[in-house]
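Please read the structure below before turning to the comments.
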Amino acid sequence: MGARKPRVAFFSFACCEGCQLEVLSLEEELPALLEEVDIVEFREAMTEQADNYDISFIEGSITREEDKAQLYDIRKRSKVVVALGACAAIVGINAVKNSFTKDEWLDTVYGKDREYFEDTIPAVAIDEVIPVEYKIHGCPINKYEFVDVVKDVLLGKKLVQKNYPVCVECKLKGNVCMYDIGRTCLGPIIRAGCGAACPTFGGGCEGCRGLVDDPNRDSAKELLASHNLTVDDIMREFSIFLNKAEEKK
Amino acid sequence: MGNNSFNINVHHITRVEGHGSISVDVKNGEIKDIKWEVVEAPRFFELMLKGKRYHQASHITSRICGICALGHTLASLRATEAAFDITPSEQTYLLRKLALHGETISSHILHVYFLVAPDLFNVKSVVPLVKTHTDVVLRALRLKKLGNDLGDIVAGRKIHPITLAVNGLTHIPSEKELIDMRKRLIDSLVDMDETVKLLQTVKMPDVERHIEFVALTKEGEYAFYDGNIKSTEREEVFTPQQYRELIKEFIVPYSTAKYAHAVKGEYMVGALARYNINYDKLTDRAKEASAALGLQPVNYNPFMNNIAQVVETVHCIEDAINIIDKLLENELKEEKIVVKTKRGQGVGAVEVPRGVLIHDYTYNENGIMEKANCIIPTNQNHANIEADFKTYTPKILDKPKEEIRQFLEMLVRAYDPCISCSTHLLDVKFV
């Protein structure tokens, strides 16, 4: 013995903290996980704080200039940084805000009191501010992928993204194709890893894991169009999670 | 106290959801300034909804909050259904109520065991308790998993639900899943007995201040999923559609979340508010738990919110069993989802773990969102937390600074604030 356990920390920026909650909902795995690592910072669940970390999981998007300084600081003190969930990895739901202007954000929401909140900026992903070693996609994350990533880092394995679409996992599950029951689904172009969670429960893929590296967008659009959907409908289907998808993978 | 001077600044209080700060400035025994500040980055959800189609609304708003994602989904669906004049089937109604109980159980257990219990055992987090109080931690994990699994079997996924849709569900649980869950719910009542015993050993700080409570209320049941809005300061009730007659929101410069006032001014929502307003409708076992824990209506001690959460957890488990019995008796069937959009405005009000949550939507005739407002429980509590600070801090000024700080932190935690939720930010037009 004697070797110290790897130190793991969690940080969150603009998000719903649902990905951290997914980690907390590993009820059966948590006691064993805590044998292997020391969780040294997790504001949502702990009061302690630490100076440096072997793995930092960062949840949320950056939406204020002041948050960037904290991010630089976390990077300096971390060996491995992992973007945890869609908001951190591809801006997620926060990117919807970017499709409006700053005046629209402030006037609609704060009206005459907008002057107090001028420091808000367009939402960006973590790797637009600091380099990250890995991204765990999803809104929320698949908690078992989180466990796999921790294991791989502990074993010193190279972290590799899945690069095939949700359709592959969906077919393996034996699901009926959403298009065959008159629904829309972004499964053909979205990165797998969720186990086709939404189609399995009767919902079309909304693209929370972002695009695969070389998505066939035209064919996806044709597919939607062949089901009598208008361009507006199609663009709206892409509008929850894929606002920044072209440049973020 | 006399010439006692100090500053307390708790930047980003721990063991709460989201980012909030406490600041106290005392000079010569006199409080110069005392604040509860929400410093979470704002996210502008109402604006995000603009121009989206009706079926996307609940998928966007569930992302306001990971912990009450299911409650946001239900408030959203109910607002949309109110706007379109849709009344979902009995089966949909029962399944939604069942899923919501899962979220309440899971959230209350997370709060009582993971966020509050460390204060009670005098440790800084639940982690050291894994070694010293293994049985307590395993029980907490079992109960939390029960709530999560209940949410999962109905909603497909408790955090950001999949199956819950306007006027129906895209997937229904199997009979076997419900029967298995029923057994686990019954077994969990033993764990709740132990939870009650554990909390009997704890002495909550003894404070009291006349508080206005606001919660949903309904004839014949302890309201969670639906009902009218009731304030303890008014005789009459308000329909969800009339919420603006009771609740007024406003902005304070040091907080990115909005504050709210009702009849008296600041007010409290959440487990204690529901308990005080709807005590009569608790299940017998929940009433027994309440008596064993020394809680009686009307109780004005915010620290007892934790106890009310335990009482409600017992209630939710028993009521979930009853709902499953009804579903099994009616026999589950696949129902086709039909939605006819129309121009209109509608309000959905749901009791989520931290209090009453209101979504207010306006759609055009094609089911495209024109305007949205969401009133979040935690925002309704901010002003009350600050009023508590101002009432109780002068009484303990002679205590060591560290003790004052801990008292204020525990007070904030008792409200179980969900700050990431509260900074979705609200339309200010109706202030």
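The chains in the structure tokens are called A, B, ... from first to last as shown; in each chain the residues are counted from 1, and the ligands are counted from 1 in the order shown.
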Q.
Need to verify the contact set: Thr63 of chain A, 7 Å, only C-alpha atoms, exclusion of same-chain residues closer than 5 positions in sequence. Can you return it as an MDAnalysis selection string?
A. (chainID A and resid 14 120:124) or (chainID B and resid 41)
Q) Residues at most 10 Å from Pro31 of chain A, counting only C-alpha atoms, excluding those fewer than 6 positions away in the same chain, as a ChimeraX atom specification? A) /B:127,130-131,134,137-138,141
Q: DSSP on the backbone, then: every residue of segment 113-227 of chain A marked strand (DSSP E or B), written as a list of chain:residue names.
A: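 Result set for segment 113-227 of chain A (strand (DSSP E or B)): A:Thr120, A:Ile121, A:Pro122, A:Ala123, A:Val124, A:Tyr134, A:Lys135, A:Ile136, A:Gly138, A:Ile141, A:Pro165, A:Ile190, A:Arg191, A:Leu211.
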Dump N, CA and C atoms for the selected residues as a PDB file, in the first residue's frame?
```
ATOM      1  N   THR A 120     -22.805  38.765 -19.030  1.00  0.00           N
ATOM      2  CA  THR A 120     -23.088  37.489 -19.685  1.00  0.00           C
ATOM      3  C   THR A 120     -22.562  37.501 -21.131  1.00  0.00           C
ATOM      4  N   ILE A 121     -21.966  36.378 -21.568  1.00  0.00           N
ATOM      5  CA  ILE A 121     -21.394  36.268 -22.918  1.00  0.00           C
ATOM      6  C   ILE A 121     -22.019  35.058 -23.623  1.00  0.00           C
ATOM      7  N   PRO A 122     -21.864  34.938 -24.952  1.00  0.00           N
ATOM      8  CA  PRO A 122     -22.386  33.738 -25.608  1.00  0.00           C
ATOM      9  C   PRO A 122     -21.775  32.482 -24.973  1.00  0.00           C
ATOM     10  N   ALA A 123     -22.589  31.445 -24.817  1.00  0.00           N
ATOM     11  CA  ALA A 123     -22.122  30.225 -24.151  1.00  0.00           C
ATOM     12  C   ALA A 123     -21.056  29.532 -24.990  1.00  0.00           C
ATOM     13  N   VAL A 124     -19.984  29.057 -24.339  1.00  0.00           N
ATOM     14  CA  VAL A 124     -18.962  28.267 -25.036  1.00  0.00           C
ATOM     15  C   VAL A 124     -18.699  26.971 -24.285  1.00  0.00           C
ATOM     16  N   TYR A 134     -10.711  14.572 -22.576  1.00  0.00           N
ATOM     17  CA  TYR A 134     -11.808  13.718 -23.019  1.00  0.00           C
ATOM     18  C   TYR A 134     -13.142  14.421 -22.800  1.00  0.00           C
ATOM     19  N   LYS A 135     -14.138  14.010 -23.586  1.00  0.00           N
ATOM     20  CA  LYS A 135     -15.494  14.525 -23.405  1.00  0.00           C
ATOM     21  C   LYS A 135     -16.434  13.353 -23.159  1.00  0.00           C
ATOM     22  N   ILE A 136     -17.200  13.436 -22.086  1.00  0.00           N
ATOM     23  CA  ILE A 136     -18.286  12.473 -21.906  1.00  0.00           C
ATOM     24  C   ILE A 136     -19.552  13.169 -22.393  1.00  0.00           C
ATOM     25  N   GLY A 138     -23.587  13.672 -23.829  1.00  0.00           N
ATOM     26  CA  GLY A 138     -24.928  13.290 -23.393  1.00  0.00           C
ATOM     27  C   GLY A 138     -25.595  14.301 -22.490  1.00  0.00           C
ATOM     28  N   ILE A 141     -25.320  12.624 -19.089  1.00  0.00           N
ATOM     29  CA  ILE A 141     -24.355  11.587 -19.419  1.00  0.00           C
ATOM     30  C   ILE A 141     -24.952  10.209 -19.165  1.00  0.00           C
ATOM     31  N   PRO A 165     -22.965   6.083 -35.378  1.00  0.00           N
ATOM     32  CA  PRO A 165     -24.202   6.750 -34.971  1.00  0.00           C
ATOM     33  C   PRO A 165     -25.086   5.924 -34.021  1.00  0.00           C
ATOM     34  N   ILE A 190     -25.971  11.112 -35.122  1.00  0.00           N
ATOM     35  CA  ILE A 190     -25.536  11.469 -33.761  1.00  0.00           C
ATOM     36  C   ILE A 190     -24.642  10.388 -33.158  1.00  0.00           C
ATOM     37  N   ARG A 191     -23.635  10.834 -32.430  1.00  0.00           N
ATOM     38  CA  ARG A 191     -22.650   9.940 -31.826  1.00  0.00           C
ATOM     39  C   ARG A 191     -23.307   8.981 -30.822  1.00  0.00           C
ATOM     40  N   LEU A 211     -22.751  15.503 -33.132  1.00  0.00           N
ATOM     41  CA  LEU A 211     -22.606  14.773 -34.383  1.00  0.00           C
ATOM     42  C   LEU A 211     -21.438  13.800 -34.346  1.00  0.00           C
TER      43      LEU A 211
END
```
(Q) One decimal, in Å: what's the spacing between atom CA of His227 of chain A and atom CA of Pro199 of chain A? (A) 17.5 Å
Q: Skip Ser62 of chain B itself and residues of its chain fewer than 4 positions away, then list as an NGL selection string all residues within 9 Å of it, counting only C-alpha atoms.
A: (:A and (16)) or (:B and (57-58 or 66 or 68-74 or 76 or 159-161))
Mind writing the picked residues with C-alpha atoms as a PDB file, in the first residue's frame?
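Saved as selection.pdb:
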```pdb
ATOM      1  CA  CYS A  16     -28.574  21.905 -14.429  1.00  0.00           C
TER       2      CYS A  16
ATOM      3  CA  ALA B  57     -40.942  22.632 -24.589  1.00  0.00           C
ATOM      4  CA  SER B  58     -40.737  19.997 -21.848  1.00  0.00           C
ATOM      5  CA  GLY B  66     -31.254  17.996 -12.976  1.00  0.00           C
ATOM      6  CA  CYS B  68     -36.404  18.279 -10.411  1.00  0.00           C
ATOM      7  CA  ALA B  69     -36.270  17.577 -14.150  1.00  0.00           C
ATOM      8  CA  LEU B  70     -39.384  15.444 -13.851  1.00  0.00           C
ATOM      9  CA  GLY B  71     -41.334  18.180 -12.056  1.00  0.00           C
ATOM     10  CA  HIS B  72     -40.331  20.717 -14.711  1.00  0.00           C
ATOM     11  CA  THR B  73     -41.429  18.261 -17.390  1.00  0.00           C
ATOM     12  CA  LEU B  74     -44.844  17.832 -15.773  1.00  0.00           C
ATOM     13  CA  SER B  76     -44.436  22.148 -18.796  1.00  0.00           C
ATOM     14  CA  ILE B 159     -33.101  12.954 -15.188  1.00  0.00           C
ATOM     15  CA  HIS B 160     -34.476  14.466 -18.390  1.00  0.00           C
ATOM     16  CA  PRO B 161     -37.474  12.198 -18.935  1.00  0.00           C
TER      17      PRO B 161
END
```
Q: Find the spatial neighbours of Leu100 of chain B, counting only C-alpha atoms, within a cut-off of 10 Å - ignore same-chain residues fewer than 6 positions away - and output them as a PyMOL selection string.
A: chain B and resi 68-71+73-74+94+106+147+150-151+154-155+158+224-225+316+320+350-353
Residue subset to file, keeping N, CA, C and O atoms, as a PDB file, in the first residue's frame:
```pdb
ATOM      1  N   CYS B  68     -34.939  18.320 -10.262  1.00  0.00           N
ATOM      2  CA  CYS B  68     -36.404  18.279 -10.411  1.00  0.00           C
ATOM      3  C   CYS B  68     -36.787  18.313 -11.882  1.00  0.00           C
ATOM      4  O   CYS B  68     -37.781  18.925 -12.262  1.00  0.00           O
ATOM      5  N   ALA B  69     -36.016  17.629 -12.712  1.00  0.00           N
ATOM      6  CA  ALA B  69     -36.270  17.577 -14.150  1.00  0.00           C
ATOM      7  C   ALA B  69     -37.673  17.039 -14.440  1.00  0.00           C
ATOM      8  O   ALA B  69     -38.366  17.501 -15.341  1.00  0.00           O
ATOM      9  N   LEU B  70     -38.075  16.054 -13.633  1.00  0.00           N
ATOM     10  CA  LEU B  70     -39.384  15.444 -13.851  1.00  0.00           C
ATOM     11  C   LEU B  70     -40.506  16.431 -13.522  1.00  0.00           C
ATOM     12  O   LEU B  70     -41.497  16.539 -14.250  1.00  0.00           O
ATOM     13  N   GLY B  71     -40.343  17.171 -12.441  1.00  0.00           N
ATOM     14  CA  GLY B  71     -41.334  18.180 -12.056  1.00  0.00           C
ATOM     15  C   GLY B  71     -41.446  19.268 -13.112  1.00  0.00           C
ATOM     16  O   GLY B  71     -42.551  19.700 -13.459  1.00  0.00           O
ATOM     17  N   THR B  73     -40.772  18.898 -16.252  1.00  0.00           N
ATOM     18  CA  THR B  73     -41.429  18.261 -17.390  1.00  0.00           C
ATOM     19  C   THR B  73     -42.945  18.275 -17.201  1.00  0.00           C
ATOM     20  O   THR B  73     -43.692  18.639 -18.112  1.00  0.00           O
ATOM     21  N   LEU B  74     -43.398  17.905 -16.008  1.00  0.00           N
ATOM     22  CA  LEU B  74     -44.844  17.832 -15.773  1.00  0.00           C
ATOM     23  C   LEU B  74     -45.490  19.221 -15.780  1.00  0.00           C
ATOM     24  O   LEU B  74     -46.568  19.410 -16.344  1.00  0.00           O
ATOM     25  N   LEU B  94     -52.328   8.914 -13.709  1.00  0.00           N
ATOM     26  CA  LEU B  94     -51.774   8.070 -12.642  1.00  0.00           C
ATOM     27  C   LEU B  94     -50.279   7.843 -12.833  1.00  0.00           C
ATOM     28  O   LEU B  94     -49.502   7.903 -11.877  1.00  0.00           O
ATOM     29  N   SER B 106     -36.601  10.531  -4.158  1.00  0.00           N
ATOM     30  CA  SER B 106     -35.174  10.586  -4.424  1.00  0.00           C
ATOM     31  C   SER B 106     -34.566  11.918  -3.971  1.00  0.00           C
ATOM     32  O   SER B 106     -33.504  11.969  -3.345  1.00  0.00           O
ATOM     33  N   GLY B 147     -36.313   5.709  -5.440  1.00  0.00           N
ATOM     34  CA  GLY B 147     -36.941   6.878  -6.079  1.00  0.00           C
ATOM     35  C   GLY B 147     -36.500   7.023  -7.523  1.00  0.00           C
ATOM     36  O   GLY B 147     -37.321   7.251  -8.414  1.00  0.00           O
ATOM     37  N   LEU B 150     -38.094   4.297  -9.667  1.00  0.00           N
ATOM     38  CA  LEU B 150     -39.516   4.573  -9.880  1.00  0.00           C
ATOM     39  C   LEU B 150     -39.667   5.611 -11.000  1.00  0.00           C
ATOM     40  O   LEU B 150     -40.500   5.457 -11.904  1.00  0.00           O
ATOM     41  N   GLY B 151     -38.845   6.654 -10.954  1.00  0.00           N
ATOM     42  CA  GLY B 151     -38.858   7.655 -12.026  1.00  0.00           C
ATOM     43  C   GLY B 151     -38.473   7.037 -13.360  1.00  0.00           C
ATOM     44  O   GLY B 151     -39.097   7.289 -14.390  1.00  0.00           O
ATOM     45  N   VAL B 154     -41.136   4.724 -15.235  1.00  0.00           N
ATOM     46  CA  VAL B 154     -42.249   5.443 -15.863  1.00  0.00           C
ATOM     47  C   VAL B 154     -41.748   6.400 -16.944  1.00  0.00           C
ATOM     48  O   VAL B 154     -42.282   6.443 -18.049  1.00  0.00           O
ATOM     49  N   ALA B 155     -40.702   7.163 -16.633  1.00  0.00           N
ATOM     50  CA  ALA B 155     -40.276   8.247 -17.534  1.00  0.00           C
ATOM     51  C   ALA B 155     -39.171   7.816 -18.497  1.00  0.00           C
ATOM     52  O   ALA B 155     -38.749   8.594 -19.333  1.00  0.00           O
ATOM     53  N   LYS B 158     -35.120   9.276 -15.273  1.00  0.00           N
ATOM     54  CA  LYS B 158     -35.618  10.260 -14.300  1.00  0.00           C
ATOM     55  C   LYS B 158     -35.028  11.631 -14.583  1.00  0.00           C
ATOM     56  O   LYS B 158     -35.717  12.645 -14.528  1.00  0.00           O
ATOM     57  N   PHE B 224     -49.745  17.092  -4.981  1.00  0.00           N
ATOM     58  CA  PHE B 224     -48.422  17.206  -5.604  1.00  0.00           C
ATOM     59  C   PHE B 224     -48.589  17.570  -7.079  1.00  0.00           C
ATOM     60  O   PHE B 224     -48.085  18.561  -7.545  1.00  0.00           O
ATOM     61  N   TYR B 225     -49.350  16.729  -7.799  1.00  0.00           N
ATOM     62  CA  TYR B 225     -49.418  16.860  -9.252  1.00  0.00           C
ATOM     63  C   TYR B 225     -50.326  18.013  -9.700  1.00  0.00           C
ATOM     64  O   TYR B 225     -50.077  18.648 -10.710  1.00  0.00           O
ATOM     65  N   CYS B 316     -45.264   9.564   0.170  1.00  0.00           N
ATOM     66  CA  CYS B 316     -45.093   9.283  -1.269  1.00  0.00           C
ATOM     67  C   CYS B 316     -44.949   7.784  -1.523  1.00  0.00           C
ATOM     68  O   CYS B 316     -45.467   7.269  -2.517  1.00  0.00           O
ATOM     69  N   ALA B 320     -47.605   5.876  -3.664  1.00  0.00           N
ATOM     70  CA  ALA B 320     -47.124   5.203  -4.886  1.00  0.00           C
ATOM     71  C   ALA B 320     -47.657   3.763  -4.935  1.00  0.00           C
ATOM     72  O   ALA B 320     -48.053   3.281  -5.998  1.00  0.00           O
ATOM     73  N   VAL B 350     -47.278  22.603 -10.406  1.00  0.00           N
ATOM     74  CA  VAL B 350     -46.967  21.278  -9.851  1.00  0.00           C
ATOM     75  C   VAL B 350     -46.128  21.472  -8.596  1.00  0.00           C
ATOM     76  O   VAL B 350     -45.268  22.357  -8.548  1.00  0.00           O
ATOM     77  N   GLU B 351     -46.377  20.653  -7.560  1.00  0.00           N
ATOM     78  CA  GLU B 351     -45.515  20.674  -6.382  1.00  0.00           C
ATOM     79  C   GLU B 351     -44.301  19.784  -6.646  1.00  0.00           C
ATOM     80  O   GLU B 351     -44.411  18.566  -6.707  1.00  0.00           O
ATOM     81  N   VAL B 352     -43.154  20.402  -6.834  1.00  0.00           N
ATOM     82  CA  VAL B 352     -41.909  19.648  -6.988  1.00  0.00           C
ATOM     83  C   VAL B 352     -41.253  19.607  -5.606  1.00  0.00           C
ATOM     84  O   VAL B 352     -41.734  20.251  -4.686  1.00  0.00           O
ATOM     85  N   PRO B 353     -40.179  18.832  -5.415  1.00  0.00           N
ATOM     86  CA  PRO B 353     -39.658  18.674  -4.046  1.00  0.00           C
ATOM     87  C   PRO B 353     -39.512  19.987  -3.274  1.00  0.00           C
ATOM     88  O   PRO B 353     -39.847  20.071  -2.101  1.00  0.00           O
TER      89      PRO B 353
END
```
Q.
Please compute the atom CA of Val214 of chain B-atom CA of Asn276 of chain B distance, one decimal, in Å.
A. 9.3 Å
Please report as CSV every residue of segment 147-259 of chain B lying within 9 Å of segment 288-291 of chain B, along with the nearest atom pair and their distance in Å (one decimal), using only C-alpha atoms.
```
residue,atom,partner,partner_atom,distance
B:Met192,CA,B:Ala289,CA,8.9
B:Asp193,CA,B:Ala289,CA,7.9
B:Val196,CA,B:Ala289,CA,6.6
```
Write a file of the selected residues as a PDB file, in the first residue's frame, keeping N, CA, C and O atoms.
```
ATOM      1  N   MET B 192     -37.684   3.427   6.023  1.00  0.00           N
ATOM      2  CA  MET B 192     -38.206   4.723   6.478  1.00  0.00           C
ATOM      3  C   MET B 192     -38.413   4.731   7.991  1.00  0.00           C
ATOM      4  O   MET B 192     -38.214   5.750   8.643  1.00  0.00           O
ATOM      5  N   ASP B 193     -38.809   3.568   8.550  1.00  0.00           N
ATOM      6  CA  ASP B 193     -38.899   3.489  10.021  1.00  0.00           C
ATOM      7  C   ASP B 193     -37.542   3.804  10.642  1.00  0.00           C
ATOM      8  O   ASP B 193     -37.435   4.541  11.626  1.00  0.00           O
ATOM      9  N   VAL B 196     -36.761   7.472  10.421  1.00  0.00           N
ATOM     10  CA  VAL B 196     -37.446   8.225  11.484  1.00  0.00           C
ATOM     11  C   VAL B 196     -36.669   8.084  12.790  1.00  0.00           C
ATOM     12  O   VAL B 196     -36.409   9.069  13.485  1.00  0.00           O
TER      13      VAL B 196
END
```
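Nearest residue to chain A among B:Pro417, B:Pro253, B:Gly294, B:Gly367 is B:Pro253, counting only C-alpha atoms.
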Q: Any chance you could list, as a PyMOL selection string, the residues in segment 32-253 of chain B that come up helix (DSSP H, G or I) when DSSP is run on the backbone?
A: chain B and resi 45-49+54-64+69-83+90-120+127-132+134-155+175-200+240-246
Residues from last step as file, C-alpha atoms, as a compact mmCIF listing (two decimals), in the first residue's frame:
```txt
# COMPACT_ATOMS: atom_id res chain seq x y z
CA PHE B 45 -34.58 29.62 -20.44
CA GLU B 46 -37.73 31.61 -21.18
CA LEU B 47 -36.00 33.07 -24.19
CA MET B 48 -34.77 29.64 -25.35
CA LEU B 49 -38.38 28.47 -25.58
CA TYR B 54 -44.85 22.42 -28.34
CA HIS B 55 -43.32 18.94 -28.17
CA GLN B 56 -39.88 20.42 -27.49
CA ALA B 57 -40.94 22.63 -24.59
CA SER B 58 -40.74 20.00 -21.85
CA HIS B 59 -37.47 18.64 -23.25
CA ILE B 60 -35.94 22.10 -22.99
CA THR B 61 -37.35 23.03 -19.59
CA SER B 62 -36.40 19.71 -17.95
CA ARG B 63 -32.83 20.96 -18.52
CA ILE B 64 -33.47 23.85 -16.11
CA ALA B 69 -36.27 17.58 -14.15
CA LEU B 70 -39.38 15.44 -13.85
CA GLY B 71 -41.33 18.18 -12.06
CA HIS B 72 -40.33 20.72 -14.71
CA THR B 73 -41.43 18.26 -17.39
CA LEU B 74 -44.84 17.83 -15.77
CA ALA B 75 -45.42 21.56 -15.17
CA SER B 76 -44.44 22.15 -18.80
CA LEU B 77 -46.76 19.46 -20.18
CA ARG B 78 -49.63 20.72 -18.04
CA ALA B 79 -49.10 24.31 -19.22
CA THR B 80 -49.13 23.15 -22.84
CA GLU B 81 -52.22 20.99 -22.27
CA ALA B 82 -53.99 23.90 -20.56
CA ALA B 83 -53.18 26.13 -23.56
CA GLU B 90 -56.73 8.53 -16.31
CA GLN B 91 -53.79 6.20 -17.05
CA THR B 92 -51.55 9.12 -18.04
CA TYR B 93 -52.65 11.00 -14.92
CA LEU B 94 -51.77 8.07 -12.64
CA LEU B 95 -48.44 7.33 -14.32
CA ARG B 96 -47.38 10.97 -14.09
CA LYS B 97 -48.27 11.08 -10.40
CA LEU B 98 -46.28 7.90 -9.86
CA ALA B 99 -43.20 9.29 -11.61
CA LEU B 100 -43.42 12.50 -9.60
CA HIS B 101 -43.43 10.50 -6.35
CA GLY B 102 -40.19 8.87 -7.53
CA GLU B 103 -38.59 12.27 -7.93
CA THR B 104 -39.84 13.53 -4.55
CA ILE B 105 -38.56 10.41 -2.76
CA SER B 106 -35.17 10.59 -4.42
CA SER B 107 -34.74 14.33 -3.91
CA HIS B 108 -35.84 14.32 -0.26
CA ILE B 109 -33.55 11.39 0.55
CA LEU B 110 -30.63 13.06 -1.22
CA HIS B 111 -31.21 16.20 0.80
CA VAL B 112 -31.78 14.65 4.21
CA TYR B 113 -29.04 12.02 4.04
CA PHE B 114 -26.37 13.52 1.78
CA LEU B 115 -26.62 17.27 2.25
CA VAL B 116 -28.01 17.73 5.78
CA ALA B 117 -26.90 14.60 7.65
CA PRO B 118 -23.18 15.54 7.54
CA ASP B 119 -24.07 18.59 9.71
CA LEU B 120 -25.89 16.31 12.12
CA VAL B 127 -17.88 10.29 2.38
CA PRO B 128 -16.46 9.69 5.91
CA LEU B 129 -19.83 8.22 6.91
CA VAL B 130 -19.29 5.38 4.42
CA LYS B 131 -16.71 3.99 6.88
CA THR B 132 -18.20 5.08 10.22
CA THR B 134 -22.00 2.11 6.69
CA ASP B 135 -25.55 0.93 7.39
CA VAL B 136 -26.86 4.51 7.31
CA VAL B 137 -25.17 5.25 3.98
CA LEU B 138 -26.33 1.98 2.41
CA ARG B 139 -29.88 2.68 3.55
CA ALA B 140 -29.69 6.16 2.05
CA LEU B 141 -28.41 4.75 -1.25
CA ARG B 142 -31.17 2.10 -1.28
CA LEU B 143 -33.91 4.68 -0.73
CA LYS B 144 -32.46 7.07 -3.29
CA LYS B 145 -32.20 4.28 -5.85
CA LEU B 146 -35.83 3.35 -5.16
CA GLY B 147 -36.94 6.88 -6.08
CA ASN B 148 -34.67 6.97 -9.13
CA ASP B 149 -35.88 3.59 -10.37
CA LEU B 150 -39.52 4.57 -9.88
CA GLY B 151 -38.86 7.65 -12.03
CA ASP B 152 -36.94 5.56 -14.56
CA ILE B 153 -39.57 2.86 -15.12
CA VAL B 154 -42.25 5.44 -15.86
CA ALA B 155 -40.28 8.25 -17.53
CA GLU B 175 -47.05 -4.97 -15.44
CA LYS B 176 -44.04 -6.88 -14.12
CA GLU B 177 -42.05 -3.69 -13.61
CA LEU B 178 -44.91 -2.25 -11.57
CA ILE B 179 -45.35 -5.42 -9.50
CA ASP B 180 -41.60 -5.57 -8.74
CA MET B 181 -41.60 -1.89 -7.84
CA ARG B 182 -44.62 -2.36 -5.57
CA LYS B 183 -42.71 -4.97 -3.59
CA ARG B 184 -39.67 -2.73 -3.25
CA LEU B 185 -41.86 0.16 -2.11
CA ILE B 186 -43.40 -2.01 0.61
CA ASP B 187 -39.98 -3.23 1.71
CA SER B 188 -38.68 0.33 1.86
CA LEU B 189 -41.13 1.27 4.63
CA VAL B 190 -38.76 -0.51 7.04
CA ASP B 191 -35.96 1.75 5.84
CA MET B 192 -38.21 4.72 6.48
CA ASP B 193 -38.90 3.49 10.02
CA GLU B 194 -35.13 3.48 10.54
CA THR B 195 -34.88 6.94 8.99
CA VAL B 196 -37.45 8.23 11.48
CA LYS B 197 -35.48 6.64 14.34
CA LEU B 198 -32.27 8.24 13.11
CA LEU B 199 -33.83 11.68 12.97
CA GLN B 200 -35.41 11.27 16.40
CA PRO B 240 -53.05 28.10 -11.36
CA GLN B 241 -54.34 30.49 -14.04
CA GLN B 242 -54.69 33.20 -11.35
CA TYR B 243 -51.16 32.82 -9.94
CA ARG B 244 -50.24 36.44 -10.63
CA GLU B 245 -52.96 37.60 -8.24
CA LEU B 246 -50.97 35.98 -5.43
```
Q) If you count only C-alpha atoms, which residues fall within 12 Å of Lys76 of chain A, apart from same-chain ones fewer than 2 positions away, as a ChimeraX atom specification? A) /A:51-56,69-74,78-81,130-132
Expected file contents, prior selection, N, CA and C atoms, as a short mmCIF file (atom, residue, chain, number, x, y, z; two decimals), in the first residue's frame:
```cif
data_model
loop_
_atom_site.label_atom_id
_atom_site.label_comp_id
_atom_site.auth_asym_id
_atom_site.auth_seq_id
_atom_site.Cartn_x
_atom_site.Cartn_y
_atom_site.Cartn_z
N ASP A 51 -6.08 21.15 -3.43
CA ASP A 51 -5.20 22.00 -4.24
C ASP A 51 -4.94 21.46 -5.64
N ASN A 52 -4.80 20.15 -5.76
CA ASN A 52 -4.56 19.61 -7.10
C ASN A 52 -5.27 18.28 -7.29
N TYR A 53 -5.44 17.93 -8.56
CA TYR A 53 -6.33 16.82 -8.88
C TYR A 53 -5.73 15.94 -9.96
N ASP A 54 -5.98 14.63 -9.86
CA ASP A 54 -5.59 13.74 -10.94
C ASP A 54 -6.60 13.79 -12.08
N ILE A 55 -7.88 13.79 -11.72
CA ILE A 55 -8.91 13.94 -12.76
C ILE A 55 -9.89 15.02 -12.31
N SER A 56 -10.14 16.00 -13.16
CA SER A 56 -11.19 16.99 -12.91
C SER A 56 -12.31 16.79 -13.90
N ALA A 69 -11.36 32.56 -15.70
CA ALA A 69 -10.20 32.55 -14.81
C ALA A 69 -10.21 31.29 -13.95
N GLN A 70 -11.39 30.92 -13.47
CA GLN A 70 -11.48 29.71 -12.63
C GLN A 70 -11.13 28.47 -13.45
N LEU A 71 -11.53 28.51 -14.72
CA LEU A 71 -11.25 27.37 -15.58
C LEU A 71 -9.74 27.22 -15.83
N TYR A 72 -9.05 28.35 -16.09
CA TYR A 72 -7.59 28.30 -16.25
C TYR A 72 -6.94 27.70 -15.01
N ASP A 73 -7.45 28.13 -13.86
CA ASP A 73 -6.90 27.67 -12.59
C ASP A 73 -7.10 26.17 -12.41
N ILE A 74 -8.28 25.69 -12.76
CA ILE A 74 -8.56 24.25 -12.64
C ILE A 74 -7.60 23.47 -13.56
N SER A 78 -4.84 20.37 -12.66
CA SER A 78 -5.37 19.05 -12.99
C SER A 78 -4.48 18.31 -13.98
N LYS A 79 -4.29 17.00 -13.74
CA LYS A 79 -3.55 16.19 -14.73
C LYS A 79 -4.45 15.90 -15.92
N VAL A 80 -5.64 15.44 -15.65
CA VAL A 80 -6.59 15.11 -16.72
C VAL A 80 -7.86 15.92 -16.51
N VAL A 81 -8.33 16.57 -17.57
CA VAL A 81 -9.60 17.29 -17.49
C VAL A 81 -10.61 16.61 -18.42
N ILE A 130 -10.05 25.97 -22.46
CA ILE A 130 -8.85 25.22 -22.07
C ILE A 130 -8.85 23.88 -22.80
N PRO A 131 -7.68 23.27 -23.01
CA PRO A 131 -7.66 21.93 -23.62
C PRO A 131 -8.25 20.88 -22.66
N VAL A 132 -8.97 19.92 -23.21
CA VAL A 132 -9.48 18.83 -22.37
C VAL A 132 -9.01 17.50 -22.94
#
```
